[in-house]
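Reading through the structure tokens given below for one structure.
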Amino acid sequence: MPHGVVTRDDLLFEQEIQRLNGLPVTTPERTAFDLGRRGRIGRAVERLDALARATDLKAPAVAELAARHGHARGLRQLETALDLVDAGAESPRETALRLLLSGAGYPRPRTQIPVVGTDGYRQYYLDMGWEELMLAVEYDGDHHRLDRARFAYEIQRAEDIAEVGWLVIRVAARHRQADVLRRVGRAWDARTR
């Protein structure tokens, strides 16, 4: 067996298999069933978010499939993971950030919040946040700073979003979780006073 390849002996029902370009593959629901009950919960949610973003995955359909596999391992984790799925996450880092915020006791943030610029034409989407507070948290990957055109766009975007009243906490890979939570906490306190 090649290094890194894991095989499993799982029960698959006929309705859990579909053909994609002539190849038999598991349905998105079956794939979610397998991904959501294995590994760490955070990693499972990251994978489910990506699957939900790429397909029309619906959590109730996965739960229905899980009911047919009542003795499978990891069903409690799957249930928890399905409750946390959000197709608005555009990267595993965004998922991890959202889970960090929720785990710290903040209300579940909405993802992909539309914001219209003051000119009424430019429209942006915020990674996640709380609309009633006009408070957002965004994850900035390396692509935000390595591409000159993207970098210039991000400067204009940040100014436009601030101009309409949003407070945005920007998070990068090297930020420590405690620091992120402290920064969000200060912004939350300022917006809820």
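Residue numbers start at 1 in each chain; chains themselves are named A, B, ... in the order of the structure tokens; ligands are numbered from 1 in the order shown.
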Show which residues sit within 9 Å of Met134 of chain A, as a list in words. Count only C-alpha atoms, and ignore same-chain residues fewer than 3 positions away.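 Near neighbours after the sequence-gap exclusion: Gly129, Trp130, Glu131, Gly165, Trp166, Leu167, Val168 and Arg191 of chain A.
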Same residues, C-alpha atoms, saved as a PDB file, in the first residue's frame:
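Wrote it out as again13.pdb, contents follow:
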ATOM      1  CA  GLY A 129     -19.148  39.202  11.062  1.00  0.00           C
ATOM      2  CA  TRP A 130     -22.154  40.610  12.808  1.00  0.00           C
ATOM      3  CA  GLU A 131     -24.241  42.960  10.679  1.00  0.00           C
ATOM      4  CA  GLY A 165     -19.219  52.365   8.926  1.00  0.00           C
ATOM      5  CA  TRP A 166     -17.841  48.848   9.186  1.00  0.00           C
ATOM      6  CA  LEU A 167     -15.083  48.021  11.664  1.00  0.00           C
ATOM      7  CA  VAL A 168     -12.951  45.205  10.242  1.00  0.00           C
ATOM      8  CA  ARG A 191     -19.468  48.364  19.263  1.00  0.00           C
TER       9      ARG A 191
END
Apply DSSP to the structure's backbone, then extract all residues of segment 3-193 of chain A labelled strand (DSSP E) and return them as a ChimeraX atom specification. /A:17-20,23-26,110-116,123-130,135-139,167-171
Exercise: segment 117-122 of chain A partners within 9 Å, only C-alpha atoms, chain neighbours under 6 positions left out, as a ChimeraX atom specification: /A:157,160-161,163-164
Taking only C-alpha atoms into account, which of A:Asp189, A:Glu79, A:Asp127, A:Asp142 comes nearest Arg38 of chain A?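 Smallest separation from Arg38 of chain A among the options: A:Glu79.
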Residue neighbourhood segment 96-113 of chain A, 8 Å, only C-alpha atoms, exclusion window fewer than 4 positions, as an MDAnalysis selection string: chainID A and resid 42 46 86 88:89 92 125:131 139 177 181
Save the residues we just selected, C-alpha atoms, as a PDB file, in the first residue's frame?
ATOM      1  CA  GLY A  42     -12.189  21.367  13.282  1.00  0.00           C
ATOM      2  CA  GLU A  46     -13.132  22.631   7.258  1.00  0.00           C
ATOM      3  CA  ASP A  86     -21.175  27.037   6.521  1.00  0.00           C
ATOM      4  CA  GLY A  88     -19.763  30.741   2.949  1.00  0.00           C
ATOM      5  CA  ALA A  89     -16.270  29.826   4.140  1.00  0.00           C
ATOM      6  CA  PRO A  92      -9.938  26.267   5.721  1.00  0.00           C
ATOM      7  CA  TYR A 125     -18.230  40.709   0.607  1.00  0.00           C
ATOM      8  CA  LEU A 126     -16.899  40.462   4.142  1.00  0.00           C
ATOM      9  CA  ASP A 127     -15.599  37.044   5.239  1.00  0.00           C
ATOM     10  CA  MET A 128     -17.662  36.971   8.433  1.00  0.00           C
ATOM     11  CA  GLY A 129     -19.148  39.202  11.062  1.00  0.00           C
ATOM     12  CA  TRP A 130     -22.154  40.610  12.808  1.00  0.00           C
ATOM     13  CA  GLU A 131     -24.241  42.960  10.679  1.00  0.00           C
ATOM     14  CA  TYR A 139      -8.756  36.333   7.088  1.00  0.00           C
ATOM     15  CA  GLN A 177      -5.403  32.966  18.631  1.00  0.00           C
ATOM     16  CA  LEU A 181      -9.639  37.081  20.430  1.00  0.00           C
TER      17      LEU A 181
END
If you count only C-alpha atoms, which residues fall within 12 Å of Arg76 of chain A, apart from same-chain ones fewer than 3 positions away, as a ChimeraX atom specification? /A:33,36-38,41,63,66-67,70-73,79-83
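Across segment 81-117 of chain A, DSSP run on the backbone finds alpha helix (DSSP H) at Ala81, Leu82, Asp83, Leu84, Pro92, Arg93, Glu94, Thr95, Ala96, Leu97, Arg98, Leu99, Leu100, Leu101, Ser102 and Gly103 of chain A.
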Can you write just those residues out, C-alpha atoms, as a tab-separated table (two decimals), in the first residue's frame?
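Writing the result to selection31.tsv gives the following:
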chain	number	residue	atom	x	y	z
A	81	ALA	CA	-19.89	19.00	12.47
A	82	LEU	CA	-23.08	19.31	10.41
A	83	ASP	CA	-24.36	21.90	12.86
A	84	LEU	CA	-21.21	23.96	12.24
A	92	PRO	CA	-9.94	26.27	5.72
A	93	ARG	CA	-8.42	29.27	7.53
A	94	GLU	CA	-11.75	31.12	7.39
A	95	THR	CA	-13.46	28.05	8.83
A	96	ALA	CA	-10.89	27.81	11.63
A	97	LEU	CA	-11.33	31.53	12.39
A	98	ARG	CA	-15.12	31.18	12.50
A	99	LEU	CA	-14.84	28.18	14.84
A	100	LEU	CA	-12.41	30.10	17.06
A	101	LEU	CA	-14.89	32.96	17.42
A	102	SER	CA	-17.85	30.67	18.11
A	103	GLY	CA	-15.78	28.60	20.53
Quick one: of A:Leu75, A:Ala44, A:Leu133, A:Val85, who's nearest to Leu57 of chain A, counting only C-alpha atoms?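 Checking each candidate against Leu57 of chain A, we get A:Val85 as the closest.
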Two-atom distance - atom CA of Thr55 of chain A, atom CA of Glu138 of chain A (Å):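 Result for atom CA of Thr55 of chain A versus atom CA of Glu138 of chain A: 23.6 Å, one decimal.
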Calculated over only C-alpha atoms, which of the candidates A:Ala162, A:His69, A:Phe151, A:Arg53 has the smallest distance to Arg30 of chain A?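 Closest candidate: A:His69.
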Do you have the atom CA of Val62 of chain A-atom CA of Ala32 of chain A distance handy?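 Distance reported for this atom pair: 6.8 Å.
Proximity ranking of A:Asp179, A:Glu29, A:Glu159, A:Glu14 relative to Lys58 of chain A places A:Glu29 first, based on only C-alpha atoms.
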